[in-house]
Amino acid sequence: MTTGRMTILGPPSGLPAPLLAVQDVSTTLPTAAGPLHAVDRVSFTLAAGEAVGVVGESGSGKSMLARTVMGLAPPAARTTGSVRFAGHDLLTASARDLREVLGSGVAMVFQDPATALNPVTRIGRQLAETLRLRGGLDRRAARDRAVELLRTVGIPDPARRARSYPHELSGGMRQRVCIALAVACGPRVLLADEPTTALDVTVQRQILDLLADLRAASGMGMLLITHDLAVVAGRTERLLVMYAGQVVETGPTTEVIRAARHPYTAALLASVPRLEQPSHTRLATVAGLPATAVGATRGCRFAPRCPRARARCRQEDPVLADPRARHGAVPGRDREHAVACFHPVGGGGGAAVRDTAERIR
Amino acid sequence: MRARREADGLSLWLALAWVAVVVAAAVLAGALPLRSYGALVPGVDARTPPGWRPEFLGTDAIGRSVLARVVHGARESLLVGIGSAALAMAAGLATGLAAGYFRRWVDTAIGVVLDAVLAVPALVLLIAVAAVGRRGTATIVLGLAVVGTPSFARLARASTLAVVDREYVAAARALGTRPGRILRRELLPEVVLRLAPFAFVFMAFAVVAEASLSFLGLGLPPPAPSWGGMINDGRPYLDGDPFLVFVPAVCVFLTVASFTVIGERARRRFDARESRLR
Amino acid sequence: MSGRRGGTVLRLVLPQLARTAAVLLLVGFGAAFLLDLAPGDPAFALLGEQATAEQIAATHRALHLDDPFLTRYWTWMSGVVRGDFGTSYLTGEPVMASVAARLEVTGELVLLALAGALAVSVPIGVLTAHRADGRADRAWSLVSSGLIATPPFVLALFLAYVLALKVGGLPATGWAAWADGPGANLRHAALPAATLALALVPTYSRMLRADMIATLQEDHILAARSRGLPVRRILFRHALRPSSFSLVTLTGISIGQLISGAVVVEVLFALPGLGQLVVTSVTAKDVPVVQGVVMFLAVVYCAAGAVTDVLYGCLDPRVRVRPT
């Protein structure tokens, strides 16, 4: 037990029971070079009304984690572990049970609103279809509710806009429609996979505010997946930092940013532009190429890029544990700051993100 | 996945083997120790079913050797297939290259002519050509070449458009090289390579078309054997002696399938090469 | 505003119309020229072999056979523009009347075959794409390869042999008009239409499968699944329409293939359709009829292209001409 990865124990007293409990989830994809460990033994919980951020470079397995949690991993993928939601394990649920949960229990917003909408169907119809088939409304009620939803997500003149095709809308409008589709059936958990990446900077904030408002109004739990630390800073309570399919650091967002322990998190923080720097300052970058875990790997996956790596890092798998508790004596408790590193950094370096977060807000 | 790849490999080898058999039959038909395709098999009744004796593939409605006729029929099918594919490819190359290279009104004019050919259903056009010309292989080859030219030309035009903007062609143009030389030296080899796989697909089509024409009684004049004609001759006896139809039909089927498999494989191989280049 | 919209439509349509007219002129010219080359004198076909020189000369005068080729083409073409396709040398009937009479048969066959082919290929294409590389997909890949390699007339013979002779119940030859009763009509049309349809099914289903596989990779399909929509609805309502553009094009083009198939099938099943008319009039050198039929088929081909374009607009709102 002491060497195992994080285990979900009962919720600490005073905290709400988790809505969604992801435990030891792995997703392996077959590739020509061997099995790719896209998601590797990831665990976390999400409570009602809570926002959790997932941060990592592209290719770190964030999107695959979202798909796996939804029970929608590609057919070729092999998944293990469990995703508990409302008495179901979404990884082993029958197709029928899964369909019952998707949309009304767990919903998802995608990265690129240009491709996430059916290009040949009017947006009002797409909404009404979901409301009719999954929300149990009749045709007329579904049509009215669709317009209402469009209004809720901030689409001006929703009755007329319902008759538009996706290509007739701007990117921000399309993402609002995608969000309307996702929340149409009142989900209790929303997975937002890079919801602002494909949008203009000015629109990004509006979309993030919209998501925050919806969360506040409905009390749903939200997983906000992004490559941009600034997006999750100030908008999430807790944070998971992913690298090559694994969670390398987790904890309360403010604490992770204030006192990052993993060298990768620290490097991510250093690469965020700071306001007090003179313009044209060369930004720090994370050296080397993002790793993907193909085949059997040994040692820390960040070791090849890590300035602090030593022999042990290349031999042994670091385990996610509270850095203050020696020998990983406190397993689980995913609400506490934990890091998977043999030589964690001292902390600090979060000022930049706080600045950036302030700017976005 | 591996099983699938192996099955693909096997089907290619089978296709190549069958084409080799047909080619051998066509080339060696005169030299093989066969009976005459036009004469009756002495001492054997008409419509004798196949078997080792007295006649390997049986005798037809008149009493001629089915084996001899099938082997000689291979010659006709192959001649028509290869001949028409070669002619259509040559004509298609010339028109397609011109349309793709010169564009503007040349492209439009060629496009209208090709559209006019395409607007007439292939078999109707073929029947008209067959009715006008002298009955024989040459007429059928010519007709099929006319029918096939638009397809080759469209492919050639598209390939030309894809190649013409590459650096080495642009460089040759900038150096003031004459169009004829650019077309011959730079474009032709590339476009031919892209057209070659389709030639096999077209041969498959040509074999079917030739058989259809013979089936309609517009093919070679009797007693010359052709697979389509043999199928037509055997039609009245379908109920009692289906082998009369079955034997030539299987020959057509295998030949068409083989050409299709070879063409398909050639195309895929070429595509793969392309994708690695880019 | 409607005027401006009409203007854009005209600007798009006019060059297409001009091109179509050029194509049709060329088809008519080609048909006339080809038949002019043919050996034999239609006067003999008309009068019989014992005709006297005077009779033949009189026929030539009546049919303008002694005029130069271009004059005859011009006379014919100007008739066509007015809707007069001339009269048959053989029967003396107006060409359009015999085409119309035959069209009933061929038209029904072609439409039945198209509908049947689509009705079979669409579910097959969708389901083989849904479970690509599955058992059913691989089995169908084998069957369709076999169908592609089978010439239509062999297929027809096989179907006639199995369904008409062995199983029974379907007539192997002949035709019954719709007026003779829908049951008899459909029973006679069944075998020939099935033959034509089966020849199309492999290409249709493969084309749709390839496009569906691409569509099913798209985000909006994953998004639809993430909303818990039923699989069948996602396949047929969400994925099918954006995947059907190539199939629509192919359907338009296959009119020619269908007519070619109809020629064979009509001769084989002894059906009084256009295909049979082509074969008999070509062999009899009945020039006006051949020209008329060829012209008619070319018009159908061009019309099919236009219909395809319109369908494109219906299927994909992104290509519609819209006033903005």
# chains A, B, ... in the order shown; residues from 1 in each chain; ligands from 1
call {"tool": "residues_around", "arguments": {"residues": "region 175-183 of chain A", "least_positions_apart": "4", "cutoff": "7 Å", "atoms": "only C-alpha atoms", "output": "list in words"}}
result
Gly103, Ala107, Met108, Val109, Pro113, Leu127, Leu149, Leu150, Val153, Gly171 and Pro187 of chain A; Arg227 of chain C
call {"tool": "interface_residues", "arguments": {"of": "chain C", "to": "chain B", "cutoff": "7 Å", "atoms": "only C-alpha atoms", "output": "ChimeraX atom specification"}}
result
/C:19,22-24,26-27,35,37-39,149-151,153-154,256-257,259-260,282-283,294,297-298,301
call {"tool": "write_last_selection", "arguments": {"atoms": "N, CA, C and O atoms", "output": "short mmCIF file (atom, residue, chain, number, x, y, z; two decimals), in the first residue's frame"}}
result
data_model
loop_
_atom_site.label_atom_id
_atom_site.label_comp_id
_atom_site.auth_asym_id
_atom_site.auth_seq_id
_atom_site.Cartn_x
_atom_site.Cartn_y
_atom_site.Cartn_z
N ARG C 19 -21.79 25.16 -72.14
CA ARG C 19 -20.97 23.96 -72.25
C ARG C 19 -21.84 22.75 -72.59
O ARG C 19 -21.50 21.95 -73.47
N ALA C 22 -22.82 22.83 -76.18
CA ALA C 22 -21.70 22.41 -77.03
C ALA C 22 -21.55 20.89 -77.02
O ALA C 22 -21.36 20.25 -78.06
N VAL C 23 -21.67 20.32 -75.83
CA VAL C 23 -21.55 18.87 -75.70
C VAL C 23 -22.63 18.17 -76.53
O VAL C 23 -22.35 17.24 -77.30
N LEU C 24 -23.87 18.67 -76.41
CA LEU C 24 -24.97 18.02 -77.13
C LEU C 24 -24.81 18.16 -78.64
O LEU C 24 -25.05 17.21 -79.39
N LEU C 26 -22.09 18.36 -80.23
CA LEU C 26 -21.01 17.47 -80.61
C LEU C 26 -21.50 16.02 -80.65
O LEU C 26 -21.13 15.25 -81.54
N VAL C 27 -22.32 15.66 -79.68
CA VAL C 27 -22.85 14.29 -79.63
C VAL C 27 -23.68 14.02 -80.89
O VAL C 27 -23.51 13.00 -81.56
N LEU C 35 -22.53 7.23 -88.26
CA LEU C 35 -23.45 6.40 -89.03
C LEU C 35 -23.32 6.65 -90.52
O LEU C 35 -23.61 5.79 -91.34
N LEU C 37 -20.58 6.95 -91.97
CA LEU C 37 -19.46 6.13 -92.40
C LEU C 37 -19.87 4.68 -92.63
O LEU C 37 -19.19 3.94 -93.33
N ALA C 38 -20.97 4.30 -91.99
CA ALA C 38 -21.35 2.88 -92.00
C ALA C 38 -21.66 2.41 -93.41
O ALA C 38 -22.23 3.15 -94.21
N PRO C 39 -21.28 1.19 -93.72
CA PRO C 39 -21.59 0.65 -95.05
C PRO C 39 -23.07 0.35 -95.16
O PRO C 39 -23.78 0.26 -94.15
N ALA C 149 -16.21 -8.23 -60.31
CA ALA C 149 -15.57 -8.98 -61.39
C ALA C 149 -16.56 -9.74 -62.24
O ALA C 149 -16.18 -10.35 -63.24
N THR C 150 -17.83 -9.74 -61.88
CA THR C 150 -18.82 -10.50 -62.65
C THR C 150 -19.46 -9.59 -63.70
O THR C 150 -20.08 -8.60 -63.34
N PRO C 151 -19.31 -9.92 -64.98
CA PRO C 151 -19.95 -9.09 -66.00
C PRO C 151 -21.46 -9.11 -65.82
O PRO C 151 -22.01 -10.14 -65.42
N PHE C 153 -23.92 -9.44 -67.77
CA PHE C 153 -24.73 -10.46 -68.45
C PHE C 153 -24.56 -11.83 -67.80
O PHE C 153 -25.49 -12.64 -67.81
N VAL C 154 -23.39 -12.07 -67.21
CA VAL C 154 -23.22 -13.33 -66.49
C VAL C 154 -24.09 -13.33 -65.24
O VAL C 154 -24.76 -14.32 -64.91
N GLY C 256 -24.93 6.41 -67.04
CA GLY C 256 -24.36 5.83 -68.25
C GLY C 256 -24.16 4.33 -68.10
O GLY C 256 -24.52 3.55 -68.98
N GLN C 257 -23.59 3.94 -66.96
CA GLN C 257 -23.36 2.52 -66.70
C GLN C 257 -24.68 1.76 -66.69
O GLN C 257 -24.78 0.64 -67.20
N ILE C 259 -27.45 2.54 -68.31
CA ILE C 259 -27.99 2.41 -69.66
C ILE C 259 -27.24 1.28 -70.39
O ILE C 259 -27.84 0.44 -71.06
N SER C 260 -25.90 1.27 -70.24
CA SER C 260 -25.13 0.19 -70.85
C SER C 260 -25.63 -1.16 -70.35
O SER C 260 -25.81 -2.09 -71.13
N VAL C 282 -29.28 0.21 -84.80
CA VAL C 282 -27.90 0.30 -85.27
C VAL C 282 -27.65 -0.75 -86.34
O VAL C 282 -27.08 -0.47 -87.39
N THR C 283 -28.10 -1.98 -86.09
CA THR C 283 -27.86 -3.02 -87.09
C THR C 283 -28.62 -2.75 -88.37
O THR C 283 -28.16 -3.09 -89.46
N VAL C 294 -29.40 8.42 -79.10
CA VAL C 294 -28.12 8.87 -78.55
C VAL C 294 -28.26 10.29 -77.98
O VAL C 294 -27.79 10.59 -76.88
N LEU C 297 -30.17 10.16 -74.74
CA LEU C 297 -29.35 9.66 -73.64
C LEU C 297 -28.35 10.72 -73.18
O LEU C 297 -28.08 10.86 -71.98
N ALA C 298 -27.80 11.48 -74.15
CA ALA C 298 -26.85 12.53 -73.79
C ALA C 298 -27.54 13.60 -72.95
O ALA C 298 -26.98 14.11 -71.98
N TYR C 301 -27.91 12.32 -69.54
CA TYR C 301 -26.63 12.36 -68.83
C TYR C 301 -26.34 13.76 -68.29
O TYR C 301 -25.96 13.93 -67.13
#
call {"tool": "select_by_dssp", "arguments": {"residues": "region 27-107 of chain B", "states": "helix (DSSP H, G or I)", "output": "number ranges by chain"}}
result
B: 27-28, 66-102, 104-107
call {"tool": "residues_around", "arguments": {"residues": "Ala98 (chain B)", "least_positions_apart": "3", "cutoff": "9 Å", "atoms": "only C-alpha atoms", "output": "VMD selection string"}}
result
chain B and resid 93 to 95 101 to 103 106 to 107 110 157 160 183
call {"tool": "write_last_selection", "arguments": {"atoms": "N, CA and C atoms", "output": "PDB file, in the first residue's frame"}}
result
ATOM      1  N   LEU B  93      -3.365  10.316 -72.660  1.00  0.00           N
ATOM      2  CA  LEU B  93      -2.154  11.040 -72.272  1.00  0.00           C
ATOM      3  C   LEU B  93      -2.012  12.318 -73.079  1.00  0.00           C
ATOM      4  N   ALA B  94      -2.163  12.161 -74.400  1.00  0.00           N
ATOM      5  CA  ALA B  94      -1.975  13.325 -75.275  1.00  0.00           C
ATOM      6  C   ALA B  94      -2.965  14.427 -74.913  1.00  0.00           C
ATOM      7  N   THR B  95      -4.245  14.078 -74.812  1.00  0.00           N
ATOM      8  CA  THR B  95      -5.256  15.102 -74.545  1.00  0.00           C
ATOM      9  C   THR B  95      -5.155  15.625 -73.115  1.00  0.00           C
ATOM     10  N   TYR B 101      -1.568  21.158 -69.237  1.00  0.00           N
ATOM     11  CA  TYR B 101      -0.406  22.024 -69.376  1.00  0.00           C
ATOM     12  C   TYR B 101      -0.781  23.389 -69.930  1.00  0.00           C
ATOM     13  N   PHE B 102      -1.602  23.393 -70.991  1.00  0.00           N
ATOM     14  CA  PHE B 102      -1.929  24.673 -71.624  1.00  0.00           C
ATOM     15  C   PHE B 102      -3.116  25.369 -70.974  1.00  0.00           C
ATOM     16  N   ARG B 103      -3.996  24.571 -70.328  1.00  0.00           N
ATOM     17  CA  ARG B 103      -5.197  25.108 -69.672  1.00  0.00           C
ATOM     18  C   ARG B 103      -5.979  26.022 -70.619  1.00  0.00           C
ATOM     19  N   VAL B 106      -7.695  25.504 -74.522  1.00  0.00           N
ATOM     20  CA  VAL B 106      -7.358  24.120 -74.885  1.00  0.00           C
ATOM     21  C   VAL B 106      -8.059  23.169 -73.920  1.00  0.00           C
ATOM     22  N   ASP B 107      -7.971  23.496 -72.635  1.00  0.00           N
ATOM     23  CA  ASP B 107      -8.606  22.696 -71.595  1.00  0.00           C
ATOM     24  C   ASP B 107     -10.107  22.619 -71.827  1.00  0.00           C
ATOM     25  N   ILE B 110     -10.981  20.556 -75.070  1.00  0.00           N
ATOM     26  CA  ILE B 110     -10.787  19.122 -74.838  1.00  0.00           C
ATOM     27  C   ILE B 110     -11.847  18.600 -73.882  1.00  0.00           C
ATOM     28  N   ARG B 157      -4.958  14.629 -66.912  1.00  0.00           N
ATOM     29  CA  ARG B 157      -5.069  16.073 -66.696  1.00  0.00           C
ATOM     30  C   ARG B 157      -4.854  16.399 -65.223  1.00  0.00           C
ATOM     31  N   THR B 160      -1.279  15.964 -64.355  1.00  0.00           N
ATOM     32  CA  THR B 160      -0.479  17.055 -64.905  1.00  0.00           C
ATOM     33  C   THR B 160      -0.599  18.292 -64.032  1.00  0.00           C
ATOM     34  N   LEU B 183       6.933  18.770 -71.731  1.00  0.00           N
ATOM     35  CA  LEU B 183       5.893  17.746 -71.682  1.00  0.00           C
ATOM     36  C   LEU B 183       6.514  16.367 -71.759  1.00  0.00           C
TER      37      LEU B 183
END
call {"tool": "interface_residues", "arguments": {"of": "chain A", "to": "chain C", "cutoff": "8 Å", "atoms": "only C-alpha atoms", "output": "count of residues only"}}
result
26
call {"tool": "residues_around", "arguments": {"residues": "Thr253 (chain A)", "least_positions_apart": "4", "cutoff": "8 Å", "atoms": "only C-alpha atoms", "output": "ChimeraX atom specification"}}
result
/A:53,232-234,236-239,257
call {"tool": "atom_distance", "arguments": {"atom1": "CA of Leu190 (chain A)", "atom2": "CA of Met220 (chain A)"}}
result
7.0 Å
call {"tool": "atom_distance", "arguments": {"atom1": "CA of Gly61 (chain A)", "atom2": "CA of Val39 (chain A)"}}
result
5.5 Å
call {"tool": "select_by_dssp", "arguments": {"residues": "region 58-166 of chain A", "states": "strand (DSSP E)", "output": "list in words"}}
result
Arg78, Thr79, Thr80, Gly81, Ser82, Val83, Arg84, Phe85, His88, Asp89, Val106, Ala107, Met108 and Val109 of chain A
call {"tool": "atom_distance", "arguments": {"atom1": "CA of Ala93 (chain A)", "atom2": "CA of Leu127 (chain C)"}}
result
23.1 Å
call {"tool": "closest_residue", "arguments": {"among": "A:Gly124, A:Pro30, A:Gly251, A:Pro18", "to": "chain B", "atoms": "only C-alpha atoms"}}
result
A:Pro30
call {"tool": "residues_around", "arguments": {"residues": "Val300 (chain C)", "least_positions_apart": "5", "cutoff": "9 Å", "atoms": "only C-alpha atoms", "output": "list in words"}}
result
Ala119 of chain B; Ile255, Met295 and Gly305 of chain C
call {"tool": "residues_around", "arguments": {"residues": "region 74-89 of chain B", "least_positions_apart": "6", "cutoff": "6 Å", "atoms": "only C-alpha atoms", "output": "mmCIF file with N, CA, C and O atoms, in the first residue's frame"}}
result
data_model
loop_
_atom_site.group_PDB
_atom_site.id
_atom_site.type_symbol
_atom_site.label_atom_id
_atom_site.label_comp_id
_atom_site.auth_asym_id
_atom_site.auth_seq_id
_atom_site.Cartn_x
_atom_site.Cartn_y
_atom_site.Cartn_z
ATOM 1 N N ALA B 26 -2.862 -17.360 -74.567
ATOM 2 C CA ALA B 26 -3.065 -16.505 -75.727
ATOM 3 C C ALA B 26 -1.881 -16.602 -76.690
ATOM 4 O O ALA B 26 -2.054 -16.685 -77.909
ATOM 5 N N VAL B 141 -11.295 -3.006 -80.658
ATOM 6 C CA VAL B 141 -10.211 -2.298 -79.967
ATOM 7 C C VAL B 141 -10.378 -0.791 -80.138
ATOM 8 O O VAL B 141 -10.286 -0.012 -79.180
ATOM 9 N N LEU B 144 -13.372 0.511 -78.069
ATOM 10 C CA LEU B 144 -13.061 0.567 -76.646
ATOM 11 C C LEU B 144 -12.067 1.674 -76.328
ATOM 12 O O LEU B 144 -12.139 2.300 -75.262
ATOM 13 N N ALA B 145 -11.159 1.922 -77.281
ATOM 14 C CA ALA B 145 -10.198 3.008 -77.055
ATOM 15 C C ALA B 145 -10.933 4.335 -76.970
ATOM 16 O O ALA B 145 -10.634 5.174 -76.114
ATOM 17 N N GLY B 148 -12.659 4.557 -73.680
ATOM 18 C CA GLY B 148 -11.783 4.688 -72.517
ATOM 19 C C GLY B 148 -10.999 5.990 -72.456
ATOM 20 O O GLY B 148 -10.549 6.379 -71.387
ATOM 21 N N THR B 149 -10.847 6.656 -73.606
ATOM 22 C CA THR B 149 -9.998 7.846 -73.629
ATOM 23 C C THR B 149 -10.372 8.903 -72.587
ATOM 24 O O THR B 149 -9.497 9.417 -71.900
ATOM 25 N N PHE B 152 -8.913 8.098 -69.065
ATOM 26 C CA PHE B 152 -7.461 8.277 -69.022
ATOM 27 C C PHE B 152 -7.118 9.768 -69.084
ATOM 28 O O PHE B 152 -6.238 10.242 -68.374
ATOM 29 N N ALA B 199 -4.606 1.531 -65.961
ATOM 30 C CA ALA B 199 -4.630 0.733 -67.186
ATOM 31 C C ALA B 199 -5.126 -0.685 -66.895
ATOM 32 O O ALA B 199 -5.879 -1.267 -67.674
ATOM 33 N N MET B 203 -8.353 -2.521 -68.344
ATOM 34 C CA MET B 203 -8.319 -3.816 -69.038
ATOM 35 C C MET B 203 -9.437 -4.721 -68.532
ATOM 36 O O MET B 203 -10.070 -5.438 -69.307
ATOM 37 N N ALA B 206 -12.442 -3.611 -70.198
ATOM 38 C CA ALA B 206 -12.423 -3.946 -71.623
ATOM 39 C C ALA B 206 -12.785 -5.406 -71.842
ATOM 40 O O ALA B 206 -13.508 -5.743 -72.795
ATOM 41 N N VAL B 207 -12.300 -6.279 -70.967
ATOM 42 C CA VAL B 207 -12.615 -7.700 -71.114
ATOM 43 C C VAL B 207 -14.119 -7.923 -70.983
ATOM 44 O O VAL B 207 -14.730 -8.656 -71.764
#
